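Report on the following structure.
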Amino acid sequence: MDIGAKVLSLRNVTMKYGTKTVLNGVNLEVERGQIIGYIGPNGAGKSTTVKIMLGLIQDYKGQVEIFGQDIASGDPSYKKRIGYVPEQAELYDNLTAMEYLSFTGELYGLDRKFAEEKAQKLMEEFELGHVMHSRISSFSKGMKQKVLIISSLLHNPDLLFFDEPLSGLDANSMMVIREMLAQLAAQGKTIFYSSHIMDIVEKISNRIVLLVNGAVIADGSFEELQERNEEGSLSDIFNQLTGFTDHASRAERFISIVEGGIADE
Ligand SMILES: Nc1ncnc2c1ncn2[C@@H]1O[C@H](COP(=O)(O)OP(=O)(O)OP(=O)(O)O)[C@@H](O)[C@H]1O
């Protein structure tokens, strides 16, 4: 696959829950080697888009192609080339980290021994070597997050979906992951990165896609968004494009209620 080859294509994707339209005609073309910062307010439809691409939601309208294949065609083989770090993971807490990783490795078609050796090396790199045979239930949030990241990469996928992948990680581990994502992209992997931590998205992504109310309202590099919006940081641009200007008065109201201001109503 060439650098610049199309990895992902969403055409007019629409999704409704009952009468509520959650995605309203999303169009997106993603090329190999891109790191897409996929951002938007709570409830904008980011996770829904990712779940559609993973094949977890099927009753959408429009067309989704991954690696040139329409995912509605019924052939799930594209999933073997995908890695996923969900926002809220159901880790099998009663398994040890090694059991979990060899299990997920086998699900992706890896030989068990190969999966175990690779998992061991990756856990050692992440300073989890000493706990690899401990149950996940005893792990801290950051340690669990590291297990998830390893599990998403074990089968060397070409396309990665990372949903708040750094939550709970300490500053040093964050730097390792950031650098790792940059190197993976340079090797031609494509990364779809969803997060609310704007300064990391700003640094990590080479393209930013902003979803509001189920529609893409901005799409470009950080520098392009800056030029168009005359704002400084991605966080400022986000506030401006989502029309959010009243954070101070909201905070004030919140505090006055905390302090017993309800009687003023
Ligand atoms: N299974 C469901 N049934 C009904 N509504 C749903 C369902 N899943 C999601 N929604 C609604 O779809 C909308 C988009 O949700 P989604 O999880 O995609 O948002 P998001 O952009 O990922 O938000 P966040 O940043 O908070 O994670 C929300 O209004 C949510 O309530």
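Numbering starts fresh at 1 for the residues of each chain in the structure tokens, the chains themselves are lettered A, B, ... in the order given, and ligands are numbered from 1 as they appear.
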DSSP says helix (DSSP H, G or I) for which residues of range 106-222 of chain A? Put them as a count of residues only?
59
Which residues of chain A come within 7 Å of ligand 1, and for each one, what is the closest pair of atoms and their distance in Å to one decimal, counting only C-alpha atoms and all ligand atoms, sorted by chain and residue number, as a Markdown table?
```
| residue | atom | partner | partner_atom_place_in_ligand_line | distance |
| --- | --- | --- | --- | --- |
| A:Tyr17 | CA | ligand 1 | 4 (C) | 5.0 |
| A:Val22 | CA | ligand 1 | 12 (O) | 5.1 |
| A:Gly40 | CA | ligand 1 | 21 (O) | 6.0 |
| A:Pro41 | CA | ligand 1 | 25 (O) | 5.6 |
| A:Asn42 | CA | ligand 1 | 26 (O) | 3.4 |
| A:Gly43 | CA | ligand 1 | 19 (O) | 3.4 |
| A:Ala44 | CA | ligand 1 | 21 (O) | 3.7 |
| A:Gly45 | CA | ligand 1 | 18 (O) | 3.1 |
| A:Lys46 | CA | ligand 1 | 21 (O) | 3.7 |
| A:Ser47 | CA | ligand 1 | 22 (O) | 3.6 |
| A:Thr48 | CA | ligand 1 | 18 (O) | 3.7 |
| A:Thr49 | CA | ligand 1 | 18 (O) | 6.5 |
```
Put those residues in a file: N, CA and C atoms, as a PDB file, in the first residue's frame.
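Here's the written file result.pdb:
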```pdb
ATOM      1  N   TYR A  17     -30.834   7.294  16.057  1.00  0.00           N
ATOM      2  CA  TYR A  17     -31.347   6.448  17.134  1.00  0.00           C
ATOM      3  C   TYR A  17     -32.786   6.869  17.328  1.00  0.00           C
ATOM      4  N   VAL A  22     -28.035  11.309  14.916  1.00  0.00           N
ATOM      5  CA  VAL A  22     -26.772  11.430  15.630  1.00  0.00           C
ATOM      6  C   VAL A  22     -25.627  11.757  14.668  1.00  0.00           C
ATOM      7  N   GLY A  40     -14.684  16.863  19.129  1.00  0.00           N
ATOM      8  CA  GLY A  40     -16.039  17.409  19.119  1.00  0.00           C
ATOM      9  C   GLY A  40     -16.609  17.400  20.524  1.00  0.00           C
ATOM     10  N   PRO A  41     -17.638  18.192  20.755  1.00  0.00           N
ATOM     11  CA  PRO A  41     -18.241  18.235  22.092  1.00  0.00           C
ATOM     12  C   PRO A  41     -18.826  16.874  22.498  1.00  0.00           C
ATOM     13  N   ASN A  42     -19.093  16.706  23.779  1.00  0.00           N
ATOM     14  CA  ASN A  42     -19.739  15.479  24.258  1.00  0.00           C
ATOM     15  C   ASN A  42     -21.031  15.261  23.486  1.00  0.00           C
ATOM     16  N   GLY A  43     -21.214  14.036  23.027  1.00  0.00           N
ATOM     17  CA  GLY A  43     -22.457  13.711  22.327  1.00  0.00           C
ATOM     18  C   GLY A  43     -22.467  14.101  20.860  1.00  0.00           C
ATOM     19  N   ALA A  44     -21.340  14.573  20.321  1.00  0.00           N
ATOM     20  CA  ALA A  44     -21.296  15.021  18.918  1.00  0.00           C
ATOM     21  C   ALA A  44     -21.450  13.866  17.926  1.00  0.00           C
ATOM     22  N   GLY A  45     -21.088  12.664  18.352  1.00  0.00           N
ATOM     23  CA  GLY A  45     -21.205  11.511  17.458  1.00  0.00           C
ATOM     24  C   GLY A  45     -19.876  10.849  17.121  1.00  0.00           C
ATOM     25  N   LYS A  46     -18.821  11.191  17.872  1.00  0.00           N
ATOM     26  CA  LYS A  46     -17.492  10.635  17.575  1.00  0.00           C
ATOM     27  C   LYS A  46     -17.457   9.117  17.782  1.00  0.00           C
ATOM     28  N   SER A  47     -17.880   8.675  18.954  1.00  0.00           N
ATOM     29  CA  SER A  47     -17.841   7.232  19.220  1.00  0.00           C
ATOM     30  C   SER A  47     -18.751   6.476  18.260  1.00  0.00           C
ATOM     31  N   THR A  48     -19.876   7.087  17.925  1.00  0.00           N
ATOM     32  CA  THR A  48     -20.800   6.430  16.988  1.00  0.00           C
ATOM     33  C   THR A  48     -20.096   6.210  15.642  1.00  0.00           C
ATOM     34  N   THR A  49     -19.365   7.223  15.158  1.00  0.00           N
ATOM     35  CA  THR A  49     -18.645   7.070  13.888  1.00  0.00           C
ATOM     36  C   THR A  49     -17.636   5.925  13.988  1.00  0.00           C
TER      37      THR A  49
END
```
Write out as a list in words the residues lying within 9 Å of Leu128 in chain A, counting only C-alpha atoms and excluding same-chain residues fewer than 3 positions away.
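Near neighbours after the sequence-gap exclusion: Ala97, Gln120, Leu122, Met123, Glu124, Glu125, Val131, Met132, Met143, Lys146 and Val147 of chain A.
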Could the residues of range 74-147 of chain A that have an atom at most 10 Å from range 191-211 of chain A be listed as a tab-separated table, each with its closest atom pair and the distance in Å to one decimal, counting only C-alpha atoms and ordered by chain and ascending residue number?
```
residue	atom	partner	partner_atom	distance
A:Ile82	CA	A:Ile191	CA	9.9
A:Gly83	CA	A:Ile191	CA	9.4
A:Tyr84	CA	A:Phe192	CA	9.5
A:Val85	CA	A:Tyr193	CA	9.7
A:Pro86	CA	A:Ser194	CA	9.9
A:Glu87	CA	A:Ser194	CA	9.0
```
What is the distance between CA of Pro157 in chain A and CA of Asn12 in chain A, in Å to one decimal?
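One can read the CA of Pro157 in chain A to CA of Asn12 in chain A distance as 26.3 Å.
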Spatial neighbours of range 111-119 of chain A, 10 Å, only C-alpha atoms, chain gap at least 6 places, as a ChimeraX atom specification:
/A:97-105,125,129,132,147,150-151,153-155
With the cut-off set at 8 Å and counting only C-alpha atoms, tabulate each residue of range 73-144 of chain A with an atom at most that distance from an atom of range 169-190 of chain A, showing the nearest atom pair and its distance in Å to one decimal, ordered by chain and increasing number, as CSV.
```
residue,atom,partner,partner_atom,distance
A:Phe126,CA,A:Ser173,CA,7.8
A:Lys141,CA,A:Leu169,CA,7.8
A:Gly142,CA,A:Leu169,CA,4.6
A:Met143,CA,A:Leu169,CA,7.8
```
